[in-house]
>>> print(open('structure_23.pdb').read())   # PDB, C-alpha atoms and all ligand atoms
ATOM      1  CA  MET L  18     265.984  49.649 213.148  1.00  0.00           C
ATOM      2  CA  SER L  19     267.408  50.180 216.654  1.00  0.00           C
ATOM      3  CA  THR L  20     270.957  50.188 217.881  1.00  0.00           C
ATOM      4  CA  ASN L  21     273.170  50.121 220.925  1.00  0.00           C
ATOM      5  CA  LEU L  22     276.236  49.839 218.752  1.00  0.00           C
ATOM      6  CA  PRO L  23     278.742  52.673 218.663  1.00  0.00           C
ATOM      7  CA  GLY L  24     279.126  54.268 215.252  1.00  0.00           C
ATOM      8  CA  THR L  25     279.509  57.463 213.325  1.00  0.00           C
ATOM      9  CA  PRO L  26     276.770  58.119 210.762  1.00  0.00           C
ATOM     10  CA  GLY L  27     277.893  58.539 207.187  1.00  0.00           C
ATOM     11  CA  THR L  28     280.980  56.334 207.152  1.00  0.00           C
ATOM     12  CA  ALA L  29     279.471  53.201 205.689  1.00  0.00           C
ATOM     13  CA  LEU L  30     281.661  50.363 204.563  1.00  0.00           C
ATOM     14  CA  GLN L  31     281.167  49.788 200.865  1.00  0.00           C
ATOM     15  CA  GLU L  32     280.707  46.242 199.567  1.00  0.00           C
ATOM     16  CA  PRO L  33     284.327  45.747 198.332  1.00  0.00           C
ATOM     17  CA  GLY L  34     285.633  47.004 201.684  1.00  0.00           C
ATOM     18  CA  ALA L  35     283.211  44.720 203.475  1.00  0.00           C
ATOM     19  CA  ALA L  36     284.475  41.702 201.582  1.00  0.00           C
ATOM     20  CA  ARG L  37     288.089  42.672 202.238  1.00  0.00           C
ATOM     21  CA  ALA L  38     287.507  43.234 205.962  1.00  0.00           C
ATOM     22  CA  ALA L  39     285.662  39.934 206.324  1.00  0.00           C
ATOM     23  CA  SER L  40     288.586  38.012 204.885  1.00  0.00           C
ATOM     24  CA  GLU L  41     290.946  39.393 207.551  1.00  0.00           C
ATOM     25  CA  SER L  42     291.419  37.255 210.643  1.00  0.00           C
ATOM     26  CA  CYS L  43     290.869  40.288 212.911  1.00  0.00           C
ATOM     27  CA  ALA L  44     287.450  41.028 211.381  1.00  0.00           C
ATOM     28  CA  PRO L  45     284.510  40.699 213.814  1.00  0.00           C
ATOM     29  CA  LEU L  46     283.273  37.154 214.265  1.00  0.00           C
ATOM     30  CA  VAL L  47     279.543  36.580 213.960  1.00  0.00           C
ATOM     31  CA  VAL L  48     277.731  33.337 214.791  1.00  0.00           C
ATOM     32  CA  TYR L  49     274.176  33.122 213.486  1.00  0.00           C
ATOM     33  CA  PHE L  50     271.174  30.901 213.127  1.00  0.00           C
ATOM     34  CA  SER L  51     268.933  31.158 210.084  1.00  0.00           C
ATOM     35  CA  SER L  52     266.074  28.837 209.203  1.00  0.00           C
ATOM     36  CA  VAL L  53     265.176  27.707 205.678  1.00  0.00           C
ATOM     37  CA  SER L  54     263.656  31.137 205.010  1.00  0.00           C
ATOM     38  CA  ASN L  55     267.252  32.445 205.135  1.00  0.00           C
ATOM     39  CA  ASN L  56     266.419  36.032 206.120  1.00  0.00           C
ATOM     40  CA  THR L  57     269.180  36.245 208.712  1.00  0.00           C
ATOM     41  CA  HIS L  58     271.611  34.564 206.350  1.00  0.00           C
ATOM     42  CA  ARG L  59     270.930  37.242 203.718  1.00  0.00           C
ATOM     43  CA  PHE L  60     271.661  39.933 206.282  1.00  0.00           C
ATOM     44  CA  VAL L  61     274.817  38.349 207.650  1.00  0.00           C
ATOM     45  CA  GLU L  62     276.349  37.756 204.237  1.00  0.00           C
ATOM     46  CA  LYS L  63     276.379  41.539 203.698  1.00  0.00           C
ATOM     47  CA  LEU L  64     278.395  42.172 206.867  1.00  0.00           C
ATOM     48  CA  ALA L  65     282.122  42.863 206.994  1.00  0.00           C
ATOM     49  CA  ALA L  66     282.538  39.983 209.379  1.00  0.00           C
ATOM     50  CA  ARG L  67     283.653  36.393 209.533  1.00  0.00           C
ATOM     51  CA  ALA L  68     280.532  34.296 209.909  1.00  0.00           C
ATOM     52  CA  VAL L  69     279.714  30.868 211.325  1.00  0.00           C
ATOM     53  CA  ARG L  70     276.247  29.481 210.631  1.00  0.00           C
ATOM     54  CA  LEU L  71     274.655  27.209 213.233  1.00  0.00           C
ATOM     55  CA  PRO L  72     273.302  23.873 212.007  1.00  0.00           C
ATOM     56  CA  LEU L  73     269.728  23.887 210.753  1.00  0.00           C
ATOM     57  CA  LEU L  74     268.898  20.601 212.451  1.00  0.00           C
ATOM     58  CA  THR L  75     268.852  20.304 216.244  1.00  0.00           C
ATOM     59  CA  GLY L  76     270.230  16.778 215.894  1.00  0.00           C
ATOM     60  CA  GLU L  77     273.519  18.177 214.569  1.00  0.00           C
ATOM     61  CA  GLU L  78     276.284  19.190 216.960  1.00  0.00           C
ATOM     62  CA  PRO L  79     276.753  22.973 217.258  1.00  0.00           C
ATOM     63  CA  PRO L  80     280.283  24.373 216.950  1.00  0.00           C
ATOM     64  CA  GLU L  81     282.394  25.103 220.022  1.00  0.00           C
ATOM     65  CA  MET L  82     283.844  28.586 219.725  1.00  0.00           C
ATOM     66  CA  THR L  83     287.427  29.417 220.653  1.00  0.00           C
ATOM     67  CA  GLU L  84     287.360  33.217 220.305  1.00  0.00           C
ATOM     68  CA  PRO L  85     284.915  36.031 221.150  1.00  0.00           C
ATOM     69  CA  PHE L  86     281.900  36.441 218.895  1.00  0.00           C
ATOM     70  CA  VAL L  87     278.611  38.263 218.461  1.00  0.00           C
ATOM     71  CA  LEU L  88     275.464  36.150 218.040  1.00  0.00           C
ATOM     72  CA  VAL L  89     272.758  37.013 215.496  1.00  0.00           C
ATOM     73  CA  ALA L  90     269.494  35.265 216.340  1.00  0.00           C
ATOM     74  CA  PRO L  91     265.981  35.450 214.886  1.00  0.00           C
ATOM     75  CA  THR L  92     262.956  35.001 217.159  1.00  0.00           C
ATOM     76  CA  TYR L  93     260.619  32.062 216.681  1.00  0.00           C
ATOM     77  CA  GLY L  94     257.859  32.475 219.273  1.00  0.00           C
ATOM     78  CA  ARG L  95     255.049  30.008 219.821  1.00  0.00           C
ATOM     79  CA  PRO L  96     251.397  31.141 219.800  1.00  0.00           C
ATOM     80  CA  ASN L  97     251.228  30.732 223.601  1.00  0.00           C
ATOM     81  CA  GLY L  98     254.121  33.193 223.961  1.00  0.00           C
ATOM     82  CA  SER L  99     256.717  30.618 224.987  1.00  0.00           C
ATOM     83  CA  GLY L 100     259.838  29.713 223.082  1.00  0.00           C
ATOM     84  CA  ALA L 101     261.312  32.669 221.190  1.00  0.00           C
ATOM     85  CA  VAL L 102     264.922  31.423 221.170  1.00  0.00           C
ATOM     86  CA  PRO L 103     265.346  28.805 218.408  1.00  0.00           C
ATOM     87  CA  PRO L 104     266.302  25.399 219.888  1.00  0.00           C
ATOM     88  CA  GLN L 105     269.415  25.325 217.700  1.00  0.00           C
ATOM     89  CA  VAL L 106     270.577  28.516 219.447  1.00  0.00           C
ATOM     90  CA  VAL L 107     269.683  27.100 222.868  1.00  0.00           C
ATOM     91  CA  LYS L 108     271.781  24.014 222.117  1.00  0.00           C
ATOM     92  CA  PHE L 109     274.705  26.195 221.017  1.00  0.00           C
ATOM     93  CA  LEU L 110     274.499  28.332 224.168  1.00  0.00           C
ATOM     94  CA  ASN L 111     274.166  25.308 226.412  1.00  0.00           C
ATOM     95  CA  ARG L 112     277.880  24.835 225.831  1.00  0.00           C
ATOM     96  CA  GLU L 113     279.587  26.756 228.596  1.00  0.00           C
ATOM     97  CA  ALA L 114     282.559  27.669 226.371  1.00  0.00           C
ATOM     98  CA  ASN L 115     280.209  29.347 223.904  1.00  0.00           C
ATOM     99  CA  ARG L 116     278.426  31.357 226.592  1.00  0.00           C
ATOM    100  CA  ARG L 117     281.791  32.488 227.967  1.00  0.00           C
ATOM    101  CA  LEU L 118     282.893  33.865 224.580  1.00  0.00           C
ATOM    102  CA  LEU L 119     279.587  35.538 223.712  1.00  0.00           C
ATOM    103  CA  ARG L 120     280.076  39.330 223.723  1.00  0.00           C
ATOM    104  CA  GLY L 121     276.773  40.655 222.426  1.00  0.00           C
ATOM    105  CA  VAL L 122     273.618  39.739 220.561  1.00  0.00           C
ATOM    106  CA  ILE L 123     271.902  41.125 217.476  1.00  0.00           C
ATOM    107  CA  GLY L 124     268.211  40.312 217.120  1.00  0.00           C
ATOM    108  CA  ALA L 125     266.274  39.523 213.956  1.00  0.00           C
ATOM    109  CA  GLY L 126     262.499  39.466 213.856  1.00  0.00           C
ATOM    110  CA  ASN L 127     259.332  40.912 212.465  1.00  0.00           C
ATOM    111  CA  THR L 128     257.608  43.997 213.921  1.00  0.00           C
ATOM    112  CA  ASN L 129     254.223  42.326 213.226  1.00  0.00           C
ATOM    113  CA  PHE L 130     254.868  40.443 216.482  1.00  0.00           C
ATOM    114  CA  GLY L 131     254.577  43.711 218.436  1.00  0.00           C
ATOM    115  CA  PRO L 132     256.066  43.475 221.924  1.00  0.00           C
ATOM    116  CA  ALA L 133     257.608  40.091 221.021  1.00  0.00           C
ATOM    117  CA  PHE L 134     259.725  41.754 218.296  1.00  0.00           C
ATOM    118  CA  CYS L 135     263.221  40.255 218.584  1.00  0.00           C
ATOM    119  CA  LEU L 136     262.342  38.766 221.954  1.00  0.00           C
ATOM    120  CA  ALA L 137     264.972  36.047 221.529  1.00  0.00           C
ATOM    121  CA  ALA L 138     267.745  38.666 221.602  1.00  0.00           C
ATOM    122  CA  ASP L 139     266.364  40.163 224.829  1.00  0.00           C
ATOM    123  CA  LYS L 140     266.110  36.723 226.443  1.00  0.00           C
ATOM    124  CA  ILE L 141     269.648  35.712 225.428  1.00  0.00           C
ATOM    125  CA  ALA L 142     271.058  39.051 226.590  1.00  0.00           C
ATOM    126  CA  ALA L 143     269.385  38.737 229.996  1.00  0.00           C
ATOM    127  CA  LYS L 144     270.400  35.108 230.468  1.00  0.00           C
ATOM    128  CA  CYS L 145     274.023  35.543 229.333  1.00  0.00           C
ATOM    129  CA  ASP L 146     274.527  39.070 230.700  1.00  0.00           C
ATOM    130  CA  VAL L 147     275.590  40.616 227.381  1.00  0.00           C
ATOM    131  CA  PRO L 148     274.218  43.697 225.558  1.00  0.00           C
ATOM    132  CA  VAL L 149     271.631  43.656 222.783  1.00  0.00           C
ATOM    133  CA  LEU L 150     273.643  45.485 220.129  1.00  0.00           C
ATOM    134  CA  TYR L 151     271.014  45.902 217.446  1.00  0.00           C
ATOM    135  CA  LYS L 152     267.605  44.722 216.223  1.00  0.00           C
ATOM    136  CA  PHE L 153     266.525  44.465 212.600  1.00  0.00           C
ATOM    137  CA  GLU L 154     263.527  43.217 210.692  1.00  0.00           C
ATOM    138  CA  LEU L 155     263.591  40.222 208.291  1.00  0.00           C
ATOM    139  CA  MET L 156     266.735  40.506 206.119  1.00  0.00           C
ATOM    140  CA  GLY L 157     267.397  44.102 207.209  1.00  0.00           C
ATOM    141  CA  THR L 158     267.767  47.217 205.085  1.00  0.00           C
ATOM    142  CA  SER L 159     270.946  48.640 203.593  1.00  0.00           C
ATOM    143  CA  GLU L 160     270.830  51.173 206.453  1.00  0.00           C
ATOM    144  CA  ASP L 161     270.768  48.318 208.984  1.00  0.00           C
ATOM    145  CA  VAL L 162     273.785  46.729 207.266  1.00  0.00           C
ATOM    146  CA  ARG L 163     275.639  50.049 207.294  1.00  0.00           C
ATOM    147  CA  LYS L 164     274.947  50.697 210.991  1.00  0.00           C
ATOM    148  CA  VAL L 165     275.847  47.174 212.065  1.00  0.00           C
ATOM    149  CA  ASN L 166     279.077  47.213 210.053  1.00  0.00           C
ATOM    150  CA  GLU L 167     280.100  50.515 211.612  1.00  0.00           C
ATOM    151  CA  GLY L 168     279.101  49.532 215.101  1.00  0.00           C
ATOM    152  CA  LEU L 169     280.644  46.080 214.968  1.00  0.00           C
ATOM    153  CA  GLU L 170     283.931  47.489 213.766  1.00  0.00           C
ATOM    154  CA  GLN L 171     284.101  49.793 216.788  1.00  0.00           C
ATOM    155  CA  PHE L 172     282.697  47.256 219.239  1.00  0.00           C
ATOM    156  CA  TRP L 173     285.296  44.740 218.099  1.00  0.00           C
ATOM    157  CA  ARG L 174     288.246  47.018 218.834  1.00  0.00           C
ATOM    158  CA  GLN L 175     287.861  46.477 222.589  1.00  0.00           C
ATOM    159  CA  PHE L 176     288.665  42.758 222.280  1.00  0.00           C
ATOM    160  CA  PRO L 177     292.214  41.409 222.009  1.00  0.00           C
ATOM    161  CA  GLN L 178     293.067  40.573 218.407  1.00  0.00           C
ATOM    162  CA  PRO L 179     294.690  37.255 217.488  1.00  0.00           C
ATOM    163  CA  ARG L 180     298.327  37.570 216.394  1.00  0.00           C
ATOM    164  CA  ALA L 181     298.866  37.498 212.631  1.00  0.00           C
TER     165      ALA L 181
HETATM  166  C1  LIG L 201     256.457  30.615 213.558  1.00  0.00           C
HETATM  167  C2  LIG L 201     257.139  31.962 213.586  1.00  0.00           C
HETATM  168  C3  LIG L 201     257.176  32.666 214.758  1.00  0.00           C
HETATM  169  C4  LIG L 201     257.818  33.918 214.811  1.00  0.00           C
HETATM  170  N1  LIG L 201     257.824  34.603 215.987  1.00  0.00           N
HETATM  171  C5  LIG L 201     258.392  35.835 216.026  1.00  0.00           C
HETATM  172  C6  LIG L 201     258.382  36.591 217.232  1.00  0.00           C
HETATM  173  O1  LIG L 201     257.845  36.181 218.277  1.00  0.00           O
HETATM  174  N2  LIG L 201     258.998  37.810 217.219  1.00  0.00           N
HETATM  175  C7  LIG L 201     259.616  38.316 216.093  1.00  0.00           C
HETATM  176  O2  LIG L 201     260.155  39.415 216.171  1.00  0.00           O
HETATM  177  N3  LIG L 201     259.622  37.615 214.935  1.00  0.00           N
HETATM  178  C8  LIG L 201     259.033  36.397 214.865  1.00  0.00           C
HETATM  179  N4  LIG L 201     259.047  35.686 213.702  1.00  0.00           N
HETATM  180  C9  LIG L 201     259.683  36.282 212.514  1.00  0.00           C
HETATM  181  C10 LIG L 201     261.095  35.755 212.266  1.00  0.00           C
HETATM  182  O3  LIG L 201     261.948  36.026 213.352  1.00  0.00           O
HETATM  183  C11 LIG L 201     261.649  36.454 211.024  1.00  0.00           C
HETATM  184  O4  LIG L 201     260.892  36.053 209.900  1.00  0.00           O
HETATM  185  C12 LIG L 201     263.121  36.204 210.797  1.00  0.00           C
HETATM  186  O5  LIG L 201     263.550  37.033 209.740  1.00  0.00           O
HETATM  187  C13 LIG L 201     263.404  34.753 210.448  1.00  0.00           C
HETATM  188  O6  LIG L 201     264.767  34.606 210.192  1.00  0.00           O
HETATM  189  P1  LIG L 201     265.354  33.412 209.309  1.00  0.00           P
HETATM  190  O7  LIG L 201     264.687  33.465 207.956  1.00  0.00           O
HETATM  191  O8  LIG L 201     266.806  33.700 209.215  1.00  0.00           O
HETATM  192  O9  LIG L 201     265.072  32.156 210.045  1.00  0.00           O
HETATM  193  C14 LIG L 201     258.426  34.454 213.631  1.00  0.00           C
HETATM  194  C15 LIG L 201     258.369  33.723 212.438  1.00  0.00           C
HETATM  195  C16 LIG L 201     257.742  32.503 212.407  1.00  0.00           C
HETATM  196  C17 LIG L 201     257.697  31.746 211.103  1.00  0.00           C
END
>>> encode(input="structure_23.pdb", output="structure tokens", more="lines below")
Ligand SMILES: Cc1cc2nc3c(=O)[nH]c(=O)nc-3n(C[C@H](O)[C@H](O)[C@H](O)COP(=O)(O)O)c2cc1C
Amino acid sequence: MSTNLPGTPGTALQEPGAARAASESCAPLVVYFSSVSNNTHRFVEKLAARAVRLPLLTGEEPPEMTEPFVLVAPTYGRPNGSGAVPPQVVKFLNREANRRLLRGVIGAGNTNFGPAFCLAADKIAAKCDVPVLYKFELMGTSEDVRKVNEGLEQFWRQFPQPRA
């Protein structure tokens, strides 16, 4: 779809490599929300990243992060144009510690929504002063997975890695 992630075309991580990288503690950390339709979940599980899923129910407490992460958020707009950012994501970002550790946002959406495509990512990026790294549609394509894996790997290098 579209990207602001660094990356060199043609050096995709293969699935076994992705699984190996994700199991390493220095692998990129992704926090994501996915509703019962699970589109975002299906995308995230293909990434070479450690992943934390936000609770489905707003009544549940969101996690408090202790290391930098990239947020993957689908858009859920209301017919009147309001909303966009799922309330579960709002609750997560209302924790100051989580906003402080947020390094970038990846948007999920559906191009049928025209100018509101991935609006949640744009709103989060503006509010939290972080870049929109990428936008993809529904559960993404294999090309989206390849580009995000490449870009995340490079993007992640600029952050201090935890000691082994
Ligand atoms: C009620 C509703 C509103 C939506 N509004 C938008 C929107 O404004 N912009 C957009 O890009 N996608 C919109 N979508 C599409 C979802 O973001 C898309 O289906 C996404 O893949 C859902 O992710 P999930 O299955 O992980 O929850 C909407 C979907 C629903 C059901």
>>> atom_distance(input="structure_23.pdb", atom1="atom CA of Leu46 of chain L", atom2="atom CA of Phe130 of chain L")
28.7 Å
>>> residues_near_ligand(input="structure_23.pdb", ligand="ligand LIG 201 (chain L)", cutoff="10 Å", atoms="only C-alpha atoms and all ligand atoms", output="compact mmCIF listing (two decimals) with C-alpha atoms, in the frame of the given file")
# COMPACT_ATOMS: atom_id res chain seq x y z
CA TYR L 49 274.18 33.12 213.49
CA PHE L 50 271.17 30.90 213.13
CA SER L 51 268.93 31.16 210.08
CA SER L 52 266.07 28.84 209.20
CA VAL L 53 265.18 27.71 205.68
CA SER L 54 263.66 31.14 205.01
CA ASN L 55 267.25 32.44 205.14
CA ASN L 56 266.42 36.03 206.12
CA THR L 57 269.18 36.24 208.71
CA HIS L 58 271.61 34.56 206.35
CA ARG L 59 270.93 37.24 203.72
CA PHE L 60 271.66 39.93 206.28
CA VAL L 61 274.82 38.35 207.65
CA LEU L 73 269.73 23.89 210.75
CA VAL L 89 272.76 37.01 215.50
CA ALA L 90 269.49 35.26 216.34
CA PRO L 91 265.98 35.45 214.89
CA THR L 92 262.96 35.00 217.16
CA TYR L 93 260.62 32.06 216.68
CA GLY L 94 257.86 32.48 219.27
CA ARG L 95 255.05 30.01 219.82
CA PRO L 96 251.40 31.14 219.80
CA GLY L 98 254.12 33.19 223.96
CA SER L 99 256.72 30.62 224.99
CA GLY L 100 259.84 29.71 223.08
CA ALA L 101 261.31 32.67 221.19
CA VAL L 102 264.92 31.42 221.17
CA PRO L 103 265.35 28.80 218.41
CA GLY L 124 268.21 40.31 217.12
CA ALA L 125 266.27 39.52 213.96
CA GLY L 126 262.50 39.47 213.86
CA ASN L 127 259.33 40.91 212.46
CA THR L 128 257.61 44.00 213.92
CA ASN L 129 254.22 42.33 213.23
CA PHE L 130 254.87 40.44 216.48
CA GLY L 131 254.58 43.71 218.44
CA PRO L 132 256.07 43.48 221.92
CA ALA L 133 257.61 40.09 221.02
CA PHE L 134 259.73 41.75 218.30
CA CYS L 135 263.22 40.26 218.58
CA LEU L 136 262.34 38.77 221.95
CA ALA L 137 264.97 36.05 221.53
CA ALA L 138 267.74 38.67 221.60
CA LYS L 152 267.60 44.72 216.22
CA PHE L 153 266.52 44.46 212.60
CA GLU L 154 263.53 43.22 210.69
CA LEU L 155 263.59 40.22 208.29
CA MET L 156 266.74 40.51 206.12
CA GLY L 157 267.40 44.10 207.21
>>> resolve_selection(input="structure_23.pdb", expression="the PyMOL selection byres (((chain L and resi 117) around 12) and not hetatm)", output="PyMOL selection string")
chain L and resi 81-87+109-116+118-121+144-147
>>> atom_distance(input="structure_23.pdb", atom1="atom CA of Val162 of chain L", atom2="atom CA of Arg70 of chain L")
17.7 Å
>>> atom_distance(input="structure_23.pdb", atom1="atom CA of Leu150 of chain L", atom2="atom CA of Glu167 of chain L")
11.8 Å
>>> resolve_selection(input="structure_23.pdb", expression="the PyMOL selection byres (((chain L and resi 75) around 8) and not hetatm)", output="list in words")
Pro72, Leu73, Leu74, Gly76, Glu77, Glu78, Pro104, Gln105 and Lys108 of chain L
>>> closest_residue(input="structure_23.pdb", among="L:Leu88, L:Val107, L:Leu169, L:Val149", to="Val47 of chain L", atoms="all atoms listed in the file")
L:Leu88
>>> closest_residue(input="structure_23.pdb", among="L:Val48, L:Val122, L:Ala143, L:Val106", to="Glu62 of chain L", atoms="only C-alpha atoms")
L:Val48
>>> closest_residue(input="structure_23.pdb", among="L:Pro45, L:Pro177, L:Pro80, L:Gly168", to="Arg67 of chain L", atoms="all atoms listed in the file")
L:Pro45
>>> build_atoms(input="structure_23.pdb", residues="segment 106-136 of chain L", atoms="N, CA and C atoms", output="short mmCIF file (atom, residue, chain, number, x, y, z; two decimals), in the frame of the given file")
data_model
loop_
_atom_site.label_atom_id
_atom_site.label_comp_id
_atom_site.auth_asym_id
_atom_site.auth_seq_id
_atom_site.Cartn_x
_atom_site.Cartn_y
_atom_site.Cartn_z
N VAL L 106 269.79 27.49 218.73
CA VAL L 106 270.58 28.52 219.45
C VAL L 106 270.72 28.12 220.92
N VAL L 107 269.63 27.56 221.47
CA VAL L 107 269.68 27.10 222.87
C VAL L 107 270.77 26.04 223.01
N LYS L 108 270.79 25.09 222.05
CA LYS L 108 271.78 24.01 222.12
C LYS L 108 273.20 24.58 222.03
N PHE L 109 273.39 25.56 221.16
CA PHE L 109 274.70 26.20 221.02
C PHE L 109 275.11 26.88 222.32
N LEU L 110 274.18 27.59 222.94
CA LEU L 110 274.50 28.33 224.17
C LEU L 110 274.55 27.44 225.40
N ASN L 111 274.04 26.23 225.28
CA ASN L 111 274.17 25.31 226.41
C ASN L 111 275.61 24.88 226.64
N ARG L 112 276.45 25.10 225.64
CA ARG L 112 277.88 24.84 225.83
C ARG L 112 278.50 26.01 226.59
N GLU L 113 279.07 25.70 227.73
CA GLU L 113 279.59 26.76 228.60
C GLU L 113 280.65 27.60 227.89
N ALA L 114 281.49 26.94 227.08
CA ALA L 114 282.56 27.67 226.37
C ALA L 114 281.96 28.73 225.44
N ASN L 115 280.84 28.40 224.82
CA ASN L 115 280.21 29.35 223.90
C ASN L 115 279.62 30.53 224.66
N ARG L 116 278.99 30.25 225.80
CA ARG L 116 278.43 31.36 226.59
C ARG L 116 279.54 32.28 227.07
N ARG L 117 280.68 31.69 227.43
CA ARG L 117 281.79 32.49 227.97
C ARG L 117 282.35 33.44 226.92
N LEU L 118 282.29 33.05 225.65
CA LEU L 118 282.89 33.86 224.58
C LEU L 118 281.88 34.80 223.91
N LEU L 119 280.63 34.66 224.28
CA LEU L 119 279.59 35.54 223.71
C LEU L 119 279.77 36.96 224.23
N ARG L 120 279.85 37.94 223.31
CA ARG L 120 280.08 39.33 223.72
C ARG L 120 278.87 40.24 223.52
N GLY L 121 277.94 39.83 222.67
CA GLY L 121 276.77 40.66 222.43
C GLY L 121 275.84 39.92 221.49
N VAL L 122 274.60 40.42 221.41
CA VAL L 122 273.62 39.74 220.56
C VAL L 122 272.89 40.75 219.68
N ILE L 123 272.67 40.33 218.44
CA ILE L 123 271.90 41.12 217.48
C ILE L 123 270.63 40.34 217.18
N GLY L 124 269.49 41.00 217.29
CA GLY L 124 268.21 40.31 217.12
C GLY L 124 267.64 40.52 215.73
N ALA L 125 267.02 39.44 215.21
CA ALA L 125 266.27 39.52 213.96
C ALA L 125 264.84 39.14 214.26
N GLY L 126 263.90 39.79 213.59
CA GLY L 126 262.50 39.47 213.86
C GLY L 126 261.59 40.18 212.88
N ASN L 127 260.34 40.29 213.31
CA ASN L 127 259.33 40.91 212.46
C ASN L 127 258.47 41.79 213.38
N THR L 128 258.34 43.06 213.04
CA THR L 128 257.61 44.00 213.92
C THR L 128 256.12 43.65 214.02
N ASN L 129 255.62 42.78 213.12
CA ASN L 129 254.22 42.33 213.23
C ASN L 129 253.96 41.64 214.57
N PHE L 130 255.03 41.16 215.21
CA PHE L 130 254.87 40.44 216.48
C PHE L 130 254.83 41.40 217.67
N GLY L 131 254.78 42.69 217.39
CA GLY L 131 254.58 43.71 218.44
C GLY L 131 255.61 43.62 219.54
N PRO L 132 255.12 43.48 220.80
CA PRO L 132 256.07 43.48 221.92
C PRO L 132 257.03 42.28 221.90
N ALA L 133 256.70 41.25 221.10
CA ALA L 133 257.61 40.09 221.02
C ALA L 133 258.65 40.28 219.92
N PHE L 134 258.72 41.49 219.34
CA PHE L 134 259.73 41.75 218.30
C PHE L 134 261.13 41.49 218.85
N CYS L 135 261.83 40.59 218.19
CA CYS L 135 263.22 40.26 218.58
C CYS L 135 263.36 39.83 220.04
N LEU L 136 262.33 39.18 220.55
CA LEU L 136 262.34 38.77 221.95
C LEU L 136 263.50 37.82 222.27
#
